[in-house]
Every structure is written in C-alpha cells, then in structure tokens.
Protein chains: 2
Amino acid sequence: MTEFEQWLARATAETEAVIDAYLPPEEGHQKTVLAAMNYSIKAGGKRLRPLFLREVYRMFGGTGREAEPFMAAIEMIHTFSLIHDDLPCMDNDRLRRGRPTAWVAYGYDMAVLAGDGLALYAFETAAKAFEMTGRTERVATALKLLAQKSGIYGMIGGQTADVELTGRPLSKEQLDFIYRLKTGALLEAPMMIGAVLAGASDQEVRTVERMASLVGYAFQIRDDILDLTGDQEVLGKPVFSDEKNQKTTYVSLYGVDQARRDAEAMSSEAVELLETLPGTHEMLRQLIGMLVTRQK
Amino acid sequence: MTEFEQWLARATAETEAVIDAYLPPEEGHQKTVLAAMNYSIKAGGKRLRPLFLREVYRMFGGTGREAEPFMAAIEMIHTFSLIHDDLPCMDNDRLRRGRPTAWVAYGYDMAVLAGDGLALYAFETAAKAFEMTGRTERVATALKLLAQKSGIYGMIGGQTADVELTGRPLSKEQLDFIYRLKTGALLEAPMMIGAVLAGASDQEVRTVERMASLVGYAFQIRDDILDLTGDQEVLGKPVFSDEKNQKTTYVSLYGVDQARRDAEAMSSEAVELLETLPGTHEMLRQLIGMLVTRQK
C-alpha cells in the first residue's frame, strides 16, 4: 500500500467509528425502522462526505469534537437519499453495494420511514454539536448549510429534476442543474461545514464551495463512465443502468473521451483552489485525484 | 359568532399568512416538487400546531418575530407526515381535506420527494430565526426540539409502530406508545418551542410538554370518535377508515363512551396545567376545550 492508501484506510475506519457512535440502538416499538436505518447506513460506501468534512475541518485548524456529529449527520442525509432513490416509485433498484436495498429487505413502507427517520435524525444528531463547543454561531451556520444543501435548492431539487426528466433527452443546461444539485450540493455541504466549524473566513468558505462543486461534478462524471465501462462485481451494482433507464448522462451528451478529459480538468481545478487555502493539503489532494481514477 | 370564534377565525387567518410567507416560489427545474409541497400545505387544515406555537409564545411574553419561521416549519413537518402517510405503501388514501392526496395529484415519486422536501425545508426555514433574534441559544434549543419531536423518538417512531401493527390487535401499551408519539409529539413540539423562544424556565417548558401531551392524546381520541360517528361531508375524508383498515383505536379498545369521558378528562387536566402558567389563558383554554368537542 502507498502512504496515501494507508492513510485512507485508517481515516475511513476512524470515520466509520464516528458514524457508528451516533447510530440509534435498535430497540423499542419503532425497532424495525431503526434496524432499516442502520442496515442502510452500515451497508458501507466510501464515507467520502464525512471524510471530506473532517479533513477540511482539520485543514483549517479545527481540533474539537463538534465536527463529529456533523460527520454522522451528512452520512445519514446521504443514506436517506439513497434509500428513497432506490424505491420502486423512483429508480426501482433491488441491489446496492452488493446487498438488497432497504425496501427489498424491510418493505416499501419501512423504507419510506427509514429515509424519513434518517433525514430527521441527521438534524437531531447535528444539533448535539451545540453542547460540544461554545461557538454557537458556527454550529448554527453549519446546521443551515446542512438543510440548504440537502433540500429543495440542493439535493432534493436535483433529484426532482432527475426523476422527472428521466426517459427524456436532457439539454446540457438541465444536465448541469442536476449534477450541480444532486451530487454537487452534498459534497459542498460537508466541506463547507468543516470549514465553518473550524472558523474559516467567508471568502475561504466560498472557495471551499467552488472546490467541492468541482469535485462533485467530476465524481458524478466518473460514475457515468463506470456505469458504461465498469465491472459489476467491483461496483457491487448493475452496470448499463443509465442506458436501460434511457438516462441522458454527461457521457451520452459529450462522449466518453471528453467526459474523461473534463472530469480530469475539473479535478485539477479543484486541486488548484485547494492550494490557495491554508494548512496542509497532501492527503486531500490525493483524495480528490483518486475520485476521477477510481474503479468503484 | 362568539368572541372565541371571532378570535379563532382571525388568529387562523394570521397564522395562514405567516405560513404562506415562508412557502417557496414555484419556479426552476424543481418546480413540480415545489408545486406539490405548496399544494399539500395549502390544502388547509386547522393550523393548530403553528397556532399553539404562537399562543404559547405570547403567553410567556414573547413579542419578537422569531416564532414565525418555526410556525411555518412545524406546519411543513406536519404536512410532510400527511403526504407520506397517504402513500399507497402506507395508508393508500386518495382523498384528504376533500381533495386528491399529493400522490394522486402529482404522482408517487413526486409525493415522496415533496414530503422529503418539506421535511428539509422545515429546518431551512426554522434556521432563519437565527437572524431574527440575538437569543441564539433559544433558537438552538427550539431547533433541537423540532428534530427530536418529529423524528424516530417522536412522530416517525409512532408512525412506524402504527404502520407495522395495523391489522393486528394492539395492546393498550402499544396504542399508548403510538398515540403519544404519532400525535402527541407533534403538539408537544410547537408548544415547547413557543415556550423556549419566549424564555420560559426549564420547569415551565416541562409543564408545557405535559399539557401538550394531554392535548394531543385527547385530540387523537376525538379523531377516532369522529371516524366512527362523524359526517364524511364535514370531515372532508372517508369515515369508518379505521374499521376498514382493521385498526385498533382508543374507541375499539375502551368503547365510545369511555373514550369520550377520557378525552374530556385529559382536556381538563391540560387546562389545569395551563392555569399554573403565567400570562393570560382564556383563548388557549377555549382552544383546548374545542378540540374535544369539534365535529371535524
């Protein structure tokens, strides 16, 4: 393993531990929904969003623990969106990360409620940060960002356009809207929250937002490329799903070669922005680079 | 009209205006979800939760505007829960308040997203209170209450047990759990938030919680009675739905006479608690009384 790979393995394990610590115990009359929530969040994944939150927080000199509830919260929001995206009335996906999706494992009704439960528990969890720092204003701003970036002007807004326009040819402008909101916003949120909690200036937070937006866009293009060229075994989910669902993607609009080039250019631009920020960047730089070369 | 009826009509209209002011404009690529959200929230209803929030806030001497975003937020949470409850995978209801439910009017996928959108926009809206008062701690506590009372240890928890146990006979203890969480929690939240924002003491907030819990319980029993004895035209929704869905209710467990007596006793106890609190109580007292005699 390279030094980066070692770091990533350790950082991911630490992030998992933080998330685990904030999951609800599976008990009481509402046990089934708690089990469905935990099943979905424990299914794995790269934990990119909480990892970015932590790293940006540290880059700006954050040393407290108040970033931890937000790390768990952003993963809850992400998982909530996946659970609802997989529902029969949405993408109708039966398999995610090599396991049955929540609605297959727990039923349609419990999957709706598990998504709802995670969305609300994300805020309940994030609000615990008020007790972990005297910087109430920063926590308030971070909470606002969590709501804004996941809501109707963020992730849900992008998801709406995505669902509604599936099966129809998209214009470049529509695709851009969806990519910025559906994927971008949920990478902007954790990086901006990390910066805010650590006390970054408004201008720095804006730079972080642009950087995160580019990372999210490049990440989504890589997803499109992998859906066309990836290995189902490695990905843990079916390939060619975009074609099957007649989805316009960056690849279908621009071709795979330009998609690759553009993703790399966005990634490079993100790294350039990163270099203008204070602190050490090495692992973040490699993490951003990895996202446009990943095989899963 | 009695003085109370005049007051209620005016207070409800003012509450409607506050809610309206916080609804998102229906524009952009995500227009459909915004329209579905607004359609559902504008369907009417008694606006009890924001009204209670406002009245408790005023009773404790609150004079600012920071209660307003919370008034809108609690109605958004309530509406989100109704939209998801009505889904085919839940109660499969096609009619609410005399109009097609959200999934009938906008489709299954958009109804899921409209519920999600309202849940998240509730927090985005409530967080606007941070800019409307210097009492950051109070807003933080209010936000925490909003998340707790609507989430897995509040409304969603109750809804989970309700959905899962429908069609099976419920024990008194299970019914109690469902009533306390599904209905009670979402009346506790606004009254407690009103108290907290106005600067009530911890002990006063606890009294408000108990009072609201009793009001919620009595309210739910009245719902059960109306489902059995009410007028479909007046209610704007089908009657006998509990029987049809083989639902155990307070009425099916205890009989309609005892249900009536218990709802009245709970209502009286709530009013007794109210009388121990500072400020003027007259309209709140009548409002609580009305809930156990209402015909819709």
# chains A, B, ... in the order shown; residues from 1 in each chain; ligands from 1
call {"tool": "residues_around", "arguments": {"residues": "Thr141 of chain B", "least_positions_apart": "2", "cutoff": "9 Å", "atoms": "only C-alpha atoms", "output": "ChimeraX atom specification"}}
result
/A:127,130 /B:136-139,143-146,193,196-197
call {"tool": "write_last_selection", "arguments": {"atoms": "C-alpha atoms", "output": "PDB file, in the first residue's frame"}}
result
ATOM      1  CA  ALA A 127     -27.701  19.651  16.918  1.00  0.00           C
ATOM      2  CA  PHE A 130     -24.266  22.817  20.313  1.00  0.00           C
TER       3      PHE A 130
ATOM      4  CA  THR B 136     -29.082  32.099  19.670  1.00  0.00           C
ATOM      5  CA  GLU B 137     -29.301  29.502  22.467  1.00  0.00           C
ATOM      6  CA  ARG B 138     -33.086  29.615  22.454  1.00  0.00           C
ATOM      7  CA  VAL B 139     -33.252  29.114  18.690  1.00  0.00           C
ATOM      8  CA  LEU B 143     -34.348  23.504  16.528  1.00  0.00           C
ATOM      9  CA  LYS B 144     -33.355  20.509  18.647  1.00  0.00           C
ATOM     10  CA  LEU B 145     -36.956  20.096  19.807  1.00  0.00           C
ATOM     11  CA  LEU B 146     -38.210  20.291  16.228  1.00  0.00           C
ATOM     12  CA  ILE B 193     -40.831  25.724  21.028  1.00  0.00           C
ATOM     13  CA  VAL B 196     -38.487  28.138  24.777  1.00  0.00           C
ATOM     14  CA  LEU B 197     -38.347  31.036  22.308  1.00  0.00           C
TER      15      LEU B 197
END
call {"tool": "interface_residues", "arguments": {"of": "chain A", "to": "chain B", "cutoff": "7 Å", "atoms": "only C-alpha atoms", "output": "PyMOL selection string"}}
result
chain A and resi 29-30+33+89-90+108-109+113+117+120-121+123-124+127+144+147-148+151-152+156-157+160-161
call {"tool": "residues_around", "arguments": {"residues": "Pro190 of chain A", "least_positions_apart": "2", "cutoff": "9 Å", "atoms": "only C-alpha atoms", "output": "compact mmCIF listing (two decimals) with C-alpha atoms, in the first residue's frame"}}
result
# COMPACT_ATOMS: atom_id res chain seq x y z
CA ARG A 49 -18.73 13.08 2.68
CA PRO A 50 -17.86 12.74 6.38
CA LEU A 51 -14.23 12.18 5.43
CA PHE A 52 -14.13 15.43 3.46
CA LEU A 53 -15.86 17.19 6.34
CA ARG A 54 -13.22 16.00 8.78
CA VAL A 56 -11.42 20.29 5.65
CA PHE A 70 -21.98 16.62 11.58
CA MET A 71 -19.90 13.80 10.05
CA ILE A 74 -24.09 14.13 6.48
CA ALA A 142 -23.36 24.62 9.79
CA LEU A 145 -25.87 24.64 5.35
CA LEU A 146 -26.92 21.06 6.10
CA LEU A 186 -24.00 17.00 -0.98
CA LEU A 187 -20.24 17.39 -1.35
CA GLU A 188 -20.39 21.15 -0.87
CA MET A 192 -18.30 23.96 3.84
CA ILE A 193 -19.46 22.70 7.24
CA GLY A 194 -15.93 21.56 8.05
CA ALA A 195 -14.61 24.99 7.09
CA ALA A 212 -16.40 20.98 -3.61
call {"tool": "atom_distance", "arguments": {"atom1": "atom CA of Ser201 of chain A", "atom2": "atom CA of Gly184 of chain A"}}
result
21.4 Å
call {"tool": "closest_residue", "arguments": {"among": "A:Val256, A:Val215, A:Met290, A:Leu235", "to": "Glu272 of chain A", "atoms": "only C-alpha atoms"}}
result
A:Val215
call {"tool": "residues_around", "arguments": {"residues": "segment 39-46 of chain A", "least_positions_apart": "6", "cutoff": "9 Å", "atoms": "only C-alpha atoms", "output": "ChimeraX atom specification"}}
result
/A:12,16,19-20,23,75-76,78-80,82-83,96-99,101-102,114
call {"tool": "residues_around", "arguments": {"residues": "Val271 of chain B", "least_positions_apart": "5", "cutoff": "10 Å", "atoms": "only C-alpha atoms", "output": "list in words"}}
result
Met211, Leu214, Val215, Ala265, Met266, Thr276, His281, Leu284, Arg285, Gln286, Ile288 and Gly289 of chain B
call {"tool": "residues_around", "arguments": {"residues": "Thr207 of chain A", "least_positions_apart": "2", "cutoff": "9 Å", "atoms": "only C-alpha atoms", "output": "number ranges by chain"}}
result
A: 202-205, 209-212, 273-274, 276-277
call {"tool": "write_last_selection", "arguments": {"atoms": "C-alpha atoms", "output": "PDB file, in the first residue's frame"}}
result
ATOM      1  CA  ASP A 202     -16.472  33.836   4.462  1.00  0.00           C
ATOM      2  CA  GLN A 203     -14.156  34.087   1.467  1.00  0.00           C
ATOM      3  CA  GLU A 204     -12.456  30.811   2.354  1.00  0.00           C
ATOM      4  CA  VAL A 205     -15.850  29.120   2.722  1.00  0.00           C
ATOM      5  CA  GLU A 209     -17.767  25.656  -2.009  1.00  0.00           C
ATOM      6  CA  ARG A 210     -16.391  26.074  -5.518  1.00  0.00           C
ATOM      7  CA  MET A 211     -13.771  23.401  -4.920  1.00  0.00           C
ATOM      8  CA  ALA A 212     -16.401  20.978  -3.609  1.00  0.00           C
ATOM      9  CA  LEU A 273      -8.301  26.025  -5.435  1.00  0.00           C
ATOM     10  CA  LEU A 274      -7.217  23.745  -2.618  1.00  0.00           C
ATOM     11  CA  THR A 276      -4.822  28.576  -2.256  1.00  0.00           C
ATOM     12  CA  LEU A 277      -6.169  27.550   1.165  1.00  0.00           C
TER      13      LEU A 277
END
call {"tool": "decode", "arguments": {"residues": "segment 2-16 of chain B", "atoms": "N, CA and C atoms", "output": "compact mmCIF listing (two decimals), in the first residue's frame"}}
result
# COMPACT_ATOMS: atom_id res chain seq x y z
N THR B 2 -69.29 33.64 18.53
CA THR B 2 -68.85 34.01 19.88
C THR B 2 -67.53 34.78 19.76
N GLU B 3 -67.14 35.38 20.89
CA GLU B 3 -65.87 36.09 20.89
C GLU B 3 -64.71 35.14 20.54
N PHE B 4 -64.78 33.91 21.08
CA PHE B 4 -63.74 32.93 20.80
C PHE B 4 -63.71 32.58 19.31
N GLU B 5 -64.88 32.38 18.73
CA GLU B 5 -64.94 32.04 17.31
C GLU B 5 -64.36 33.15 16.44
N GLN B 6 -64.67 34.39 16.83
CA GLN B 6 -64.09 35.53 16.10
C GLN B 6 -62.58 35.54 16.23
N TRP B 7 -62.13 35.33 17.46
CA TRP B 7 -60.69 35.31 17.71
C TRP B 7 -60.03 34.19 16.89
N LEU B 8 -60.64 33.01 16.90
CA LEU B 8 -60.07 31.85 16.22
C LEU B 8 -59.98 32.10 14.71
N ALA B 9 -61.03 32.68 14.16
CA ALA B 9 -61.02 32.96 12.71
C ALA B 9 -59.88 33.92 12.36
N ARG B 10 -59.73 34.96 13.19
CA ARG B 10 -58.68 35.94 12.91
C ARG B 10 -57.29 35.33 13.13
N ALA B 11 -57.14 34.60 14.24
CA ALA B 11 -55.83 34.01 14.56
C ALA B 11 -55.43 32.98 13.51
N THR B 12 -56.40 32.22 13.01
CA THR B 12 -56.10 31.23 11.98
C THR B 12 -55.68 31.92 10.69
N ALA B 13 -56.38 32.99 10.33
CA ALA B 13 -56.03 33.74 9.12
C ALA B 13 -54.63 34.33 9.24
N GLU B 14 -54.30 34.86 10.41
CA GLU B 14 -52.95 35.41 10.61
C GLU B 14 -51.88 34.31 10.53
N THR B 15 -52.23 33.14 11.06
CA THR B 15 -51.30 32.02 11.01
C THR B 15 -51.09 31.56 9.56
N GLU B 16 -52.18 31.50 8.81
CA GLU B 16 -52.09 31.17 7.37
C GLU B 16 -51.14 32.13 6.66
